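*Asks:* Quick one, model25.txt (compact mmCIF, C-alpha atoms):
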```
# COMPACT_ATOMS: atom_id res chain seq x y z
CA MET A 13 14.74 4.57 40.24
CA ILE A 14 12.59 1.42 40.07
CA ASN A 15 13.52 -0.89 37.18
CA SER A 16 10.98 -3.05 35.34
CA TYR A 17 12.06 -6.20 37.18
CA ASP A 18 11.46 -4.60 40.58
CA LEU A 19 8.16 -3.15 39.40
CA ASN A 20 6.94 -6.55 38.19
CA ASN A 21 7.88 -8.08 41.54
CA GLU A 22 5.97 -5.42 43.43
CA ILE A 23 2.89 -5.83 41.24
CA GLN A 24 2.99 -9.61 41.70
CA PHE A 25 3.44 -9.21 45.47
CA LEU A 26 0.25 -7.16 45.67
CA ALA A 27 -1.81 -8.82 42.96
CA LYS A 28 -1.46 -12.38 44.20
CA SER A 29 -2.97 -11.58 47.60
CA GLU A 30 -6.59 -10.43 47.87
CA ILE A 31 -5.99 -9.82 51.59
CA ARG A 32 -3.12 -7.39 50.96
CA LEU A 33 -5.21 -5.56 48.36
CA LYS A 34 -8.10 -5.23 50.83
CA ILE A 35 -5.77 -3.95 53.55
CA ILE A 36 -4.24 -1.35 51.24
CA GLY A 37 -7.70 -0.39 49.97
CA GLU A 38 -8.83 0.31 53.52
CA LEU A 39 -5.64 2.16 54.47
CA GLU A 40 -6.00 4.33 51.37
CA LYS A 41 -9.19 5.72 52.90
CA ASN A 42 -7.56 6.48 56.26
CA PRO A 43 -5.07 5.00 58.77
CA LYS A 44 -6.42 2.11 60.86
CA THR A 45 -5.53 -0.15 63.72
CA VAL A 46 -5.39 -3.92 63.30
CA LYS A 47 -8.75 -4.22 65.05
CA GLU A 48 -10.32 -1.65 62.73
CA LEU A 49 -8.98 -3.52 59.69
CA VAL A 50 -10.45 -6.76 61.02
CA ASN A 51 -13.84 -5.07 61.42
CA THR A 52 -13.91 -3.39 58.00
CA THR A 53 -12.58 -6.35 55.99
CA ASN A 54 -14.11 -9.28 57.93
CA ILE A 55 -10.72 -10.99 57.69
CA THR A 56 -9.30 -12.84 60.70
CA TYR A 57 -6.95 -11.08 63.10
CA SER A 58 -4.09 -13.48 62.34
CA SER A 59 -4.37 -12.96 58.57
CA ILE A 60 -4.46 -9.18 58.93
CA SER A 61 -1.47 -9.19 61.28
CA SER A 62 0.70 -11.50 59.16
CA ASN A 63 0.03 -9.53 55.98
CA LEU A 64 0.66 -6.21 57.69
CA VAL A 65 4.08 -7.54 58.71
CA LYS A 66 4.82 -8.37 55.05
CA LEU A 67 3.58 -4.98 53.88
CA GLU A 68 5.69 -3.25 56.51
CA GLU A 69 8.76 -5.26 55.52
CA ARG A 70 8.25 -4.26 51.88
CA ASN A 71 7.86 -0.61 52.90
CA TYR A 72 4.22 -0.30 51.83
CA VAL A 73 2.92 0.69 55.26
CA ILE A 74 4.32 2.32 58.35
CA LYS A 75 3.05 2.00 61.91
CA LYS A 76 2.58 5.18 63.93
CA LYS A 77 1.42 4.56 67.46
CA ASN A 78 -1.32 1.94 67.05
CA LYS A 79 -2.36 2.79 63.49
CA TYR A 80 -0.99 1.70 60.14
CA HIS A 81 -0.50 4.35 57.45
CA LEU A 82 -0.16 3.79 53.72
CA LYS A 83 2.99 5.25 52.15
CA PRO A 84 2.53 7.59 49.13
CA LEU A 85 4.19 5.24 46.62
CA SER A 86 1.91 2.43 47.78
CA LYS A 87 -1.11 4.50 46.76
CA ILE A 88 0.31 4.83 43.24
CA TYR A 89 0.89 1.07 42.99
CA TYR A 90 -2.56 0.31 44.32
CA ARG A 91 -4.47 2.75 42.11
CA ASN A 92 -2.70 1.64 38.95
CA LEU A 93 -3.14 -2.01 39.82
CA MET A 94 -6.86 -1.53 40.47
CA ASP A 95 -7.24 0.42 37.21
CA PHE A 96 -5.61 -2.46 35.38
CA LYS A 97 -7.81 -4.98 37.19
CA MET A 98 -10.92 -3.03 36.24
CA SER A 99 -9.78 -2.92 32.60
CA VAL A 100 -9.29 -6.68 32.56
CA ASP A 101 -12.69 -7.22 34.19
CA LEU A 102 -14.33 -4.91 31.63
CA ILE A 103 -12.73 -6.69 28.68
CA ASN A 104 -13.63 -10.10 30.09
CA SER A 105 -17.24 -9.10 30.73
CA PHE A 106 -17.64 -8.08 27.05
CA ASP A 107 -15.36 -10.72 25.62
CA ASP A 108 -17.51 -11.38 22.54
CA PHE A 109 -17.44 -7.65 21.76
CA TRP A 110 -13.71 -6.92 22.11
CA GLY A 111 -12.58 -10.38 21.01
CA ARG A 112 -12.08 -11.06 17.30
CA HIS A 113 -12.65 -7.41 16.45
CA ASN A 114 -10.46 -4.69 14.99
CA ILE A 115 -9.60 -2.02 17.58
CA ASP A 116 -6.82 -0.33 15.59
CA GLN A 117 -8.79 2.92 15.31
CA LEU A 118 -9.19 3.27 19.05
CA THR A 119 -6.75 5.93 20.19
CA LEU A 120 -4.13 5.34 22.88
CA ASP A 121 -6.09 7.68 25.14
CA SER A 122 -9.34 5.74 24.63
CA ILE A 123 -7.58 2.45 25.40
CA GLN A 124 -5.91 3.86 28.52
CA ASN A 125 -9.29 5.13 29.72
CA ILE A 126 -11.27 2.03 28.76
CA ASN A 127 -12.56 1.86 32.37
CA ASP A 128 -14.81 4.83 31.52
CA LEU A 129 -17.02 2.31 29.73
CA LYS A 130 -17.51 0.13 32.82
CA ASP A 131 -21.24 0.98 33.06
CA SER A 132 -21.91 -0.03 29.46
CA GLU A 133 -24.46 -2.53 28.21
CA LEU A 134 -23.83 -4.89 25.32
CA ILE A 135 -26.76 -4.88 22.90
CA LYS A 136 -26.97 -7.97 20.70
CA THR A 137 -29.36 -8.94 17.94
CA THR A 138 -31.37 -12.11 18.30
CA PRO A 139 -33.10 -14.39 15.76
CA LEU A 140 -36.39 -12.77 16.81
CA ASP A 141 -35.01 -9.21 16.72
CA ILE A 142 -32.40 -8.89 14.00
CA TYR A 143 -32.69 -5.09 13.99
CA LYS A 144 -32.16 -4.65 17.72
CA THR A 145 -28.85 -2.74 17.45
CA HIS A 146 -30.16 -0.39 14.75
CA ASN A 147 -33.45 0.24 16.53
CA THR A 148 -31.61 1.00 19.77
CA ILE A 149 -29.64 3.75 18.03
CA LYS A 150 -32.68 4.94 16.14
CA GLU A 151 -34.63 5.47 19.38
CA LYS A 152 -31.80 7.57 20.80
CA MET A 153 -31.46 9.66 17.64
CA ILE A 154 -35.21 10.34 17.47
CA THR A 155 -35.22 12.01 20.89
CA SER A 156 -31.79 13.64 20.68
CA LYS A 157 -31.15 17.33 20.06
CA SER A 158 -27.56 16.72 19.02
CA LEU A 159 -25.52 14.07 17.29
CA LYS A 160 -21.85 13.38 16.79
CA ALA A 161 -21.20 10.26 14.76
CA ILE A 162 -18.69 8.21 12.84
CA PHE A 163 -20.60 6.31 10.18
CA PRO A 164 -18.55 3.72 8.26
CA TYR A 165 -21.73 2.85 6.36
CA LEU A 166 -24.96 4.69 5.57
CA HIS A 167 -28.21 3.20 6.81
CA PRO A 168 -31.19 4.33 4.67
CA GLU A 169 -32.89 5.87 7.72
CA TYR A 170 -29.96 8.02 8.82
CA PRO A 171 -30.55 11.04 6.52
CA GLN A 172 -34.15 11.37 7.75
CA LEU A 173 -33.12 10.99 11.38
CA ILE A 174 -30.46 13.68 10.91
CA GLU A 175 -32.96 15.92 9.15
CA ASN A 176 -35.34 15.66 12.11
CA ILE A 177 -32.59 16.73 14.53
CA LEU A 178 -31.82 19.76 12.35
CA LYS A 179 -35.54 20.62 12.09
CA ASN A 180 -35.56 21.03 15.84
CA ASN A 181 -32.55 23.37 15.74
CA GLY A 182 -30.20 20.61 16.82
CA LYS A 183 -26.53 20.23 15.93
CA VAL A 184 -25.01 17.39 13.91
CA GLU A 185 -21.39 16.47 13.22
CA ILE A 186 -20.60 13.41 11.12
CA VAL A 187 -17.45 11.70 9.89
CA LEU A 188 -18.07 9.35 6.97
CA PRO A 189 -16.36 7.86 3.90
CA ARG A 190 -16.04 10.22 0.96
CA ASN A 191 -18.07 7.94 -1.31
CA MET A 192 -21.05 8.33 1.05
CA PHE A 193 -20.89 12.13 1.23
CA SER A 194 -23.15 13.04 -1.71
CA LYS A 195 -25.77 10.45 -0.87
CA MET A 196 -25.96 11.61 2.73
CA ILE A 197 -26.19 15.29 1.84
CA LEU A 198 -28.68 14.94 -1.02
CA GLU A 199 -31.05 12.86 1.08
CA ILE A 200 -31.46 15.75 3.55
CA ASN A 201 -34.07 18.35 2.55
CA GLU A 202 -32.28 21.27 0.93
CA ASP A 203 -34.38 23.87 2.77
CA ILE A 204 -33.18 22.38 6.05
CA ARG A 205 -29.66 21.40 5.01
CA LYS A 206 -28.45 24.73 3.61
CA PRO A 207 -29.43 26.99 6.55
CA ALA A 208 -28.10 24.38 9.02
CA THR A 209 -24.78 24.22 7.16
CA ALA A 210 -24.53 28.02 6.99
CA LYS A 211 -25.13 28.30 10.76
CA GLY A 212 -22.64 25.54 11.51
CA ASP A 213 -25.37 23.27 12.86
CA LEU A 214 -24.53 20.63 10.25
CA LYS A 215 -20.91 19.62 9.75
CA VAL A 216 -20.01 16.64 7.59
CA TYR A 217 -16.40 15.49 7.32
CA ALA A 218 -15.74 13.22 4.35
CA THR A 219 -12.59 11.12 4.41
CA SER A 220 -10.80 8.87 1.97
CA LYS A 221 -9.22 7.07 4.91
CA GLU A 222 -10.65 3.78 6.10
CA LEU A 223 -13.07 3.93 9.01
CA ASN A 224 -12.88 0.84 11.21
CA LEU A 225 -15.39 1.70 13.88
CA TYR A 226 -18.90 3.00 14.39
CA LEU A 227 -19.61 5.68 17.00
CA THR A 228 -22.63 7.76 17.94
CA LEU A 229 -22.87 10.38 20.65
CA CYS A 230 -26.42 11.59 21.32
CA ASP A 231 -27.64 13.88 24.11
CA ASP A 232 -27.14 11.36 26.88
CA THR A 233 -25.99 8.13 25.24
CA MET A 234 -22.92 6.89 23.42
CA SER A 235 -22.69 3.73 21.34
CA LEU A 236 -19.71 1.93 19.87
CA GLY A 237 -19.57 -0.68 17.15
CA LEU A 238 -16.52 -2.52 15.79
CA PHE A 239 -15.39 -4.31 12.68
CA LYS A 240 -14.53 -7.99 12.67
CA ASN A 241 -11.00 -9.08 11.86
CA ASP A 242 -12.21 -10.20 8.42
CA GLY A 243 -13.01 -6.55 7.58
CA SER A 244 -16.81 -6.74 7.86
CA PHE A 245 -18.76 -4.56 10.26
CA ASP A 246 -20.36 -6.45 13.13
CA GLN A 247 -23.94 -5.19 13.04
CA ASN A 248 -24.98 -7.71 15.68
CA ARG A 249 -23.18 -6.15 18.65
CA LEU A 250 -23.20 -2.65 20.04
CA LEU A 251 -21.75 -1.28 23.27
CA ILE A 252 -23.96 1.44 24.73
CA SER A 253 -23.71 3.64 27.82
CA SER A 254 -25.30 6.73 29.35
CA SER A 255 -22.70 7.52 32.02
CA GLU A 256 -20.95 10.88 32.03
CA LYS A 257 -17.54 9.22 31.78
CA SER A 258 -18.56 7.24 28.71
CA GLN A 259 -19.90 10.42 27.09
CA LYS A 260 -16.58 12.14 27.64
CA TRP A 261 -14.73 9.03 26.41
CA ALA A 262 -16.77 8.97 23.20
CA ASN A 263 -16.42 12.70 22.63
CA ASN A 264 -12.63 12.53 22.97
CA LEU A 265 -12.48 9.60 20.56
CA PHE A 266 -14.72 11.39 18.05
CA THR A 267 -12.62 14.56 18.21
CA SER A 268 -9.38 12.65 17.80
CA ILE A 269 -10.58 10.70 14.77
CA LYS A 270 -12.18 13.79 13.22
CA GLU A 271 -8.91 15.73 13.52
CA LYS A 272 -6.97 12.93 11.86
CA MET A 273 -9.32 12.84 8.90
```
Represent the structure of the file as structure tokens.
*Replies:*
Amino acid sequence: MINSYDLNNEIQFLAKSEIRLKIIGELEKNPKTVKELVNTTNITYSSISSNLVKLEERNYVIKKKNKYHLKPLSKIYYRNLMDFKMSVDLINSFDDFWGRHNIDQLTLDSIQNINDLKDSELIKTTPLDIYKTHNTIKEKMITSKSLKAIFPYLHPEYPQLIENILKNNGKVEIVLPRNMFSKMILEINEDIRKPATAKGDLKVYATSKELNLYLTLCDDTMSLGLFKNDGSFDQNRLLISSSEKSQKWANNLFTSIKEKM
């Protein structure tokens, strides 16, 4: 069994050398000779050879005939290390979104799979467009046939936008604070609201628990908003993505929070 000290040493051994990571990345695809590694990595022959010796000594690779093969455990190290690297890169690229914000309501699963948001775009308001984040969401909701959302606050336009989705036989699921429930429901036309509720096309979950994030999941776009550490919602920043992985990520987070309410 590998103890934490040994594991840390192995991670450091790999992480501190970009050359070793490139070699392992290439060998993960298929076994290669030294010459093939030189050609695919554009690294000098001497650097490839010296690092292969180190990798062989540490039992990461094995040489069979003229080709180097990656050992199974090495693949596990490499994939986990690259996942971690991607997570760090993602957080750093959106530092002003994740930094100084409350992420307590993100589930363990959503944090572990944070790389699913790698294709996201950070939408920020500007002095000339102070409604940029809201209008971005509004545009998505106008054209969407479905909506899953966690609303920690109620924008005056939301009931009408939801009503329009229901008019077009769409489906809506919302989690919101209990004190917003009546206002949300009563703002939706009764002739649309009642049949939609009866058919299960409109589901509203009211909670007395505190909601510390904002989430929308439209047909092909998810958006995430966070609260600042001072308890106020940051309406000036919104993370948005249309990738399949981000959609799944958002749906899992929505389901998890909904079930806890």
*Asks:* Neighbouring residues of stretch 151-153 of chain A were defined as those with any atom within 8 Å, considering all atoms listed in the file; residues of the same chain fewer than 3 positions away were excluded. Please report them as a count of residues only.
*Replies:* 9
*Asks:* Which of these residues is nearest to A:Asn54, using all atoms listed in the file: A:Val73, A:Ile31, A:Ile197, A:Leu93?
*Replies:*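 Nearest to A:Asn54: A:Ile31.
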*Asks:* Pull the closest atom pair for each residue of stretch 73-138 of chain A that gets at most 7 Å from stretch 240-262 of chain A, along with the distance in Å to one decimal, counting all atoms listed in the file, ordering rows by chain and then ascending residue number, as CSV.
*Replies:*
```
residue,atom,partner,partner_atom,distance
A:Phe109,CA,A:Arg249,CA,6.7
A:Arg112,CA,A:Asn241,CA,5.9
A:His113,CA,A:Lys240,CA,4.3
A:Asn114,CA,A:Asn241,CA,5.4
A:Ser122,CA,A:Trp261,CA,6.6
A:Asp128,CA,A:Lys257,CA,5.2
A:Leu129,CA,A:Ser258,CA,5.3
A:Asp131,CA,A:Ser253,CA,6.4
A:Ser132,CA,A:Ser253,CA,4.4
A:Glu133,CA,A:Ile252,CA,5.3
A:Leu134,CA,A:Leu251,CA,4.6
A:Ile135,CA,A:Leu250,CA,5.1
A:Lys136,CA,A:Arg249,CA,4.7
A:Thr137,CA,A:Asn248,CA,5.1
```
*Asks:* What does the distance between atom CA of A:Ala27 and atom CA of A:Lys77 come to in Å, to one decimal place?
*Replies:*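 These two atoms are separated by 28.1 Å.
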*Asks:* Show which residues sit within 10 Å of stretch 64-67 of chain A, as a PyMOL selection string. Count only C-alpha atoms, and ignore same-chain residues fewer than 3 positions away.
*Replies:* chain A and resi 25-26+31-32+35-36+46+58-61+70-75+80+82+86
*Asks:* Excluding A:Lys79 and residues on its chain fewer than 5 positions from it, collect all residues at most 6 Å away from it, counting only C-alpha atoms, and give them as a ChimeraX atom specification.
*Replies:* /A:43-45
*Asks:* Between A:Tyr89, A:Pro84, A:Thr209, A:Met98, single out the one closest to A:Gln24, counting only C-alpha atoms.
*Replies:*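 The closest residue to A:Gln24 is A:Tyr89.
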*Asks:* Measure the distance from atom CA of A:Pro171 to atom CA of A:Thr155 in Å and round it to one decimal.
*Replies:*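 Computed distance, atom CA of A:Pro171 to atom CA of A:Thr155, equals 15.1 Å.
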*Asks:* Quick one: of A:Lys221, A:Lys157, A:His81, A:Lys150, who's nearest to A:Leu49, counting all atoms listed in the file?
*Replies:*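 Once distances to A:Leu49 are computed over all atoms listed in the file, the minimum belongs to A:His81.
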*Asks:* Generate the coordinates of all heavy atoms for stretch 76-87 of chain A; report them as an mmCIF file, keeping the file's coordinate frame.
*Replies:*
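Contents of rebuild.cif, as written:
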```cif
data_model
loop_
_atom_site.group_PDB
_atom_site.id
_atom_site.type_symbol
_atom_site.label_atom_id
_atom_site.label_comp_id
_atom_site.auth_asym_id
_atom_site.auth_seq_id
_atom_site.Cartn_x
_atom_site.Cartn_y
_atom_site.Cartn_z
ATOM 1 N N LYS A 76 2.402 4.022 63.065
ATOM 2 C CA LYS A 76 2.580 5.180 63.930
ATOM 3 C C LYS A 76 1.612 5.044 65.089
ATOM 4 O O LYS A 76 0.396 5.026 64.889
ATOM 5 C CB LYS A 76 2.288 6.479 63.155
ATOM 6 C CG LYS A 76 3.252 6.740 62.009
ATOM 7 C CD LYS A 76 2.883 8.017 61.277
ATOM 8 C CE LYS A 76 3.816 8.277 60.110
ATOM 9 N NZ LYS A 76 3.434 9.502 59.354
ATOM 10 N N LYS A 77 2.196 4.888 66.264
ATOM 11 C CA LYS A 77 1.420 4.560 67.460
ATOM 12 C C LYS A 77 0.711 3.225 67.196
ATOM 13 O O LYS A 77 1.337 2.233 66.913
ATOM 14 C CB LYS A 77 0.461 5.690 67.812
ATOM 15 C CG LYS A 77 1.189 6.979 68.188
ATOM 16 C CD LYS A 77 0.230 8.055 68.625
ATOM 17 C CE LYS A 77 1.000 9.311 69.036
ATOM 18 N NZ LYS A 77 0.095 10.404 69.455
ATOM 19 N N ASN A 78 -0.613 3.202 67.248
ATOM 20 C CA ASN A 78 -1.320 1.940 67.050
ATOM 21 C C ASN A 78 -1.891 1.785 65.641
ATOM 22 O O ASN A 78 -2.484 0.755 65.321
ATOM 23 C CB ASN A 78 -2.474 1.801 68.060
ATOM 24 C CG ASN A 78 -1.958 1.613 69.468
ATOM 25 O OD1 ASN A 78 -0.927 0.967 69.667
ATOM 26 N ND2 ASN A 78 -2.660 2.180 70.438
ATOM 27 N N LYS A 79 -1.718 2.818 64.810
ATOM 28 C CA LYS A 79 -2.360 2.790 63.490
ATOM 29 C C LYS A 79 -1.342 2.591 62.371
ATOM 30 O O LYS A 79 -0.204 3.054 62.438
ATOM 31 C CB LYS A 79 -3.153 4.078 63.259
ATOM 32 C CG LYS A 79 -4.365 4.203 64.177
ATOM 33 C CD LYS A 79 -5.317 5.274 63.693
ATOM 34 C CE LYS A 79 -6.579 5.264 64.536
ATOM 35 N NZ LYS A 79 -7.599 6.204 64.019
ATOM 36 N N TYR A 80 -1.810 1.917 61.322
ATOM 37 C CA TYR A 80 -0.990 1.700 60.140
ATOM 38 C C TYR A 80 -1.361 2.739 59.077
ATOM 39 O O TYR A 80 -2.550 2.991 58.806
ATOM 40 C CB TYR A 80 -1.200 0.295 59.583
ATOM 41 C CG TYR A 80 -0.519 -0.763 60.425
ATOM 42 C CD1 TYR A 80 -1.171 -1.341 61.511
ATOM 43 C CD2 TYR A 80 0.782 -1.168 60.147
ATOM 44 C CE1 TYR A 80 -0.544 -2.304 62.299
ATOM 45 C CE2 TYR A 80 1.418 -2.125 60.922
ATOM 46 C CZ TYR A 80 0.752 -2.684 61.996
ATOM 47 O OH TYR A 80 1.381 -3.633 62.763
ATOM 48 N N HIS A 81 -0.330 3.324 58.471
ATOM 49 C CA HIS A 81 -0.500 4.350 57.450
ATOM 50 C C HIS A 81 0.060 3.833 56.122
ATOM 51 O O HIS A 81 1.089 3.155 56.096
ATOM 52 C CB HIS A 81 0.241 5.633 57.842
ATOM 53 C CG HIS A 81 -0.270 6.266 59.101
ATOM 54 N ND1 HIS A 81 -0.947 7.468 59.111
ATOM 55 C CD2 HIS A 81 -0.200 5.854 60.397
ATOM 56 C CE1 HIS A 81 -1.264 7.770 60.355
ATOM 57 N NE2 HIS A 81 -0.820 6.818 61.155
ATOM 58 N N LEU A 82 -0.616 4.189 55.046
ATOM 59 C CA LEU A 82 -0.160 3.790 53.720
ATOM 60 C C LEU A 82 0.856 4.814 53.214
ATOM 61 O O LEU A 82 0.622 6.023 53.284
ATOM 62 C CB LEU A 82 -1.348 3.723 52.762
ATOM 63 C CG LEU A 82 -1.175 2.940 51.469
ATOM 64 C CD1 LEU A 82 -0.870 1.483 51.745
ATOM 65 C CD2 LEU A 82 -2.430 3.072 50.614
ATOM 66 N N LYS A 83 1.974 4.339 52.684
ATOM 67 C CA LYS A 83 2.990 5.250 52.150
ATOM 68 C C LYS A 83 2.549 5.769 50.774
ATOM 69 O O LYS A 83 1.824 5.082 50.051
ATOM 70 C CB LYS A 83 4.334 4.545 52.055
ATOM 71 C CG LYS A 83 4.939 4.259 53.427
ATOM 72 C CD LYS A 83 6.434 4.055 53.321
ATOM 73 C CE LYS A 83 7.081 4.106 54.691
ATOM 74 N NZ LYS A 83 8.550 3.982 54.602
ATOM 75 N N PRO A 84 2.982 6.978 50.397
ATOM 76 C CA PRO A 84 2.530 7.590 49.130
ATOM 77 C C PRO A 84 2.755 6.716 47.906
ATOM 78 O O PRO A 84 1.869 6.608 47.047
ATOM 79 C CB PRO A 84 3.378 8.882 49.060
ATOM 80 C CG PRO A 84 3.667 9.204 50.485
ATOM 81 C CD PRO A 84 3.838 7.886 51.180
ATOM 82 N N LEU A 85 3.913 6.073 47.794
ATOM 83 C CA LEU A 85 4.190 5.240 46.620
ATOM 84 C C LEU A 85 3.251 4.034 46.569
ATOM 85 O O LEU A 85 2.886 3.578 45.486
ATOM 86 C CB LEU A 85 5.649 4.763 46.647
ATOM 87 C CG LEU A 85 6.176 4.128 45.347
ATOM 88 C CD1 LEU A 85 6.071 5.093 44.182
ATOM 89 C CD2 LEU A 85 7.620 3.671 45.533
ATOM 90 N N SER A 86 2.842 3.561 47.730
ATOM 91 C CA SER A 86 1.910 2.430 47.780
ATOM 92 C C SER A 86 0.574 2.800 47.163
ATOM 93 O O SER A 86 -0.080 1.969 46.519
ATOM 94 C CB SER A 86 1.693 1.997 49.237
ATOM 95 O OG SER A 86 2.922 1.690 49.855
ATOM 96 N N LYS A 87 0.149 4.056 47.360
ATOM 97 C CA LYS A 87 -1.110 4.500 46.760
ATOM 98 C C LYS A 87 -1.031 4.469 45.236
ATOM 99 O O LYS A 87 -1.996 4.090 44.566
ATOM 100 C CB LYS A 87 -1.427 5.932 47.226
ATOM 101 C CG LYS A 87 -1.739 6.039 48.714
ATOM 102 C CD LYS A 87 -2.096 7.471 49.086
ATOM 103 C CE LYS A 87 -2.401 7.584 50.576
ATOM 104 N NZ LYS A 87 -2.778 8.958 50.964
#
```
